[in-house]
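See structure below.
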Amino acid sequence: MIDKKQLLENQLFQNRYIKQNISWYFSHLNGKRGIARIFKVPYAALMKKFYLKKYFEKRVLEGKVDIPYLELVLTTRCTLRCESCNNLMQYFSPSNQYTCTLEGIIESLELLLSKVDSIARIRIIGGEPLLFKDLPQLIDYLDAQKKILTFSLVTNATIDFKDELVKKLKNSNKVRKITISDYKRSPNLKIPLKQESILRKLRENKIPFSMDSSSENSTWSDPEKIYKRGRSKEDIIKNYYNCQMPCVSLMTSEGLENKKLAPKGAIFVCPISSSLSRLKGLEEFDGDFLNLEDSKERFFEFYSQDFYKSCDYCRDFSQPIKKIPIAIQTDKVLKLQKD
């Protein structure tokens, strides 16, 4: 059994779990955008300074699991094919795409919610999540879950928001914001953007939104080529410490040839890890992910874990980040380099 007092002395666990929970809960206490935030921010600041750290540490000692942030990967299908997509959508061909069903994602979430005590924020992603036909019904489900505090949605603005989706977002008490990727300055975008229509609908219905910050300077961080580098275990651990991306991702087991390792779905350390598990198989990354059927103890272990096989596939995060033009499109399905 894991020693929870020792766990709280683990700096990695503090960074990934305690500090992330404080950050997301502070954001939740601030409330949505608008004048009401003027009154909420001072209270949220006091809670963050004097209370939240002790609160979440006490809950760890009591065995309560609070997930700070979770991305729901609904599909790897996308209306764009950005050759440097950080979620590796450019490596998926029509024959190996992943798209969950509403029933499948609810089954995974039901199991997850039976194991945890809260999820501060869920972020709905893809691919392009608006390609998921049951998105309005998923929003209904998220709204009804007491353990889920807030959710957000990210879109590349190539698909307009239908009236049903707008209505669900308008009436939702848990939608935090819609994040819109601004690809107008992509050097070779061929598909028309629906930004003006989407923004008009969001403004008219007072649905909070923001533009993706990476769009401001029209550059992305280059993920470089994805392949197995053959690093030592020590160097893989070092690479993780130099990265520490907080975007843990959930995928269902749908479409997997071998579901034994995660029959009801799994949580991965980042979107690259979840995509690699589809492209190369779960067996390749056994030990990297959190099987949703695992015990509560495994959740704590996951957030203190520093070795992930998938970290051997990424660039060297100790080196300076290379900047590249935003959303360069490719007509090809990229191939993972051979090991």
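Residue numbering restarts at 1 for every chain of the structure tokens, chains are lettered A, B, ... in their displayed order, and ligands are numbered from 1 as they appear.
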
Query raised in the report: Hey, what's within 8 Å of Phe289 in chain A if we count only C-alpha atoms and toss same-chain stuff fewer than 5 positions away? As a ChimeraX atom specification, please?
Result: /A:266-269,302

Requested in this report: Quick one: everything within 8 Å of Thr219 in chain A, counting only C-alpha atoms, minus sequence neighbours fewer than 5 positions away in the same chain. Send it as a VMD selection string.
Outcome: chain A and resid 214 323 to 326

Query - 10 Å contact set for Pro94 in chain A, only C-alpha atoms, chain neighbours under 3 positions out, as a PyMOL selection string - result: chain A and resi 76-77+97-98+333

Go through range 113-146 of chain A residue by residue and, counting only C-alpha atoms, keep those with an atom at most 6 Å from range 151-163 of chain A; for each kept residue give the shortest atom pair and its distance in Å to one decimal, ordered by chain and increasing number, as JSON lines.
{"residue": "A:Arg121", "atom": "CA", "partner": "A:Phe151", "partner_atom": "CA", "distance": 5.2}
{"residue": "A:Ile122", "atom": "CA", "partner": "A:Phe151", "partner_atom": "CA", "distance": 4.4}
{"residue": "A:Arg123", "atom": "CA", "partner": "A:Ser152", "partner_atom": "CA", "distance": 4.8}
{"residue": "A:Ile124", "atom": "CA", "partner": "A:Leu153", "partner_atom": "CA", "distance": 4.7}
{"residue": "A:Ile125", "atom": "CA", "partner": "A:Val154", "partner_atom": "CA", "distance": 5.8}

Query raised in the report: Using only C-alpha atoms, which residues sit within 12 Å of Tyr227 in chain A once same-chain residues fewer than 3 positions away are excluded, as a PyMOL selection string?
Result: chain A and resi 88+91+223-224+230-231+272+276+279-280+309-316+334-339

Query raised in the report: Which distance in Å separates CA of Phe209 in chain A and CA of Val248 in chain A, to one decimal?
Result: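 Separating CA of Phe209 in chain A from CA of Val248 in chain A is a distance of 22.1 Å.
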
Query - Surrounding residues of Lys190 in chain A excluding itself and chain neighbours under 5 positions, 12 Å, only C-alpha atoms, as a PyMOL selection string - result: chain A and resi 79-82+158+183-185+327-331

**Report entry** Nearest candidate to Ser273 in chain A (options A:Asn239, A:Asn87, A:Leu142, A:Leu61; using only C-alpha atoms)
**Finding:** A:Asn87
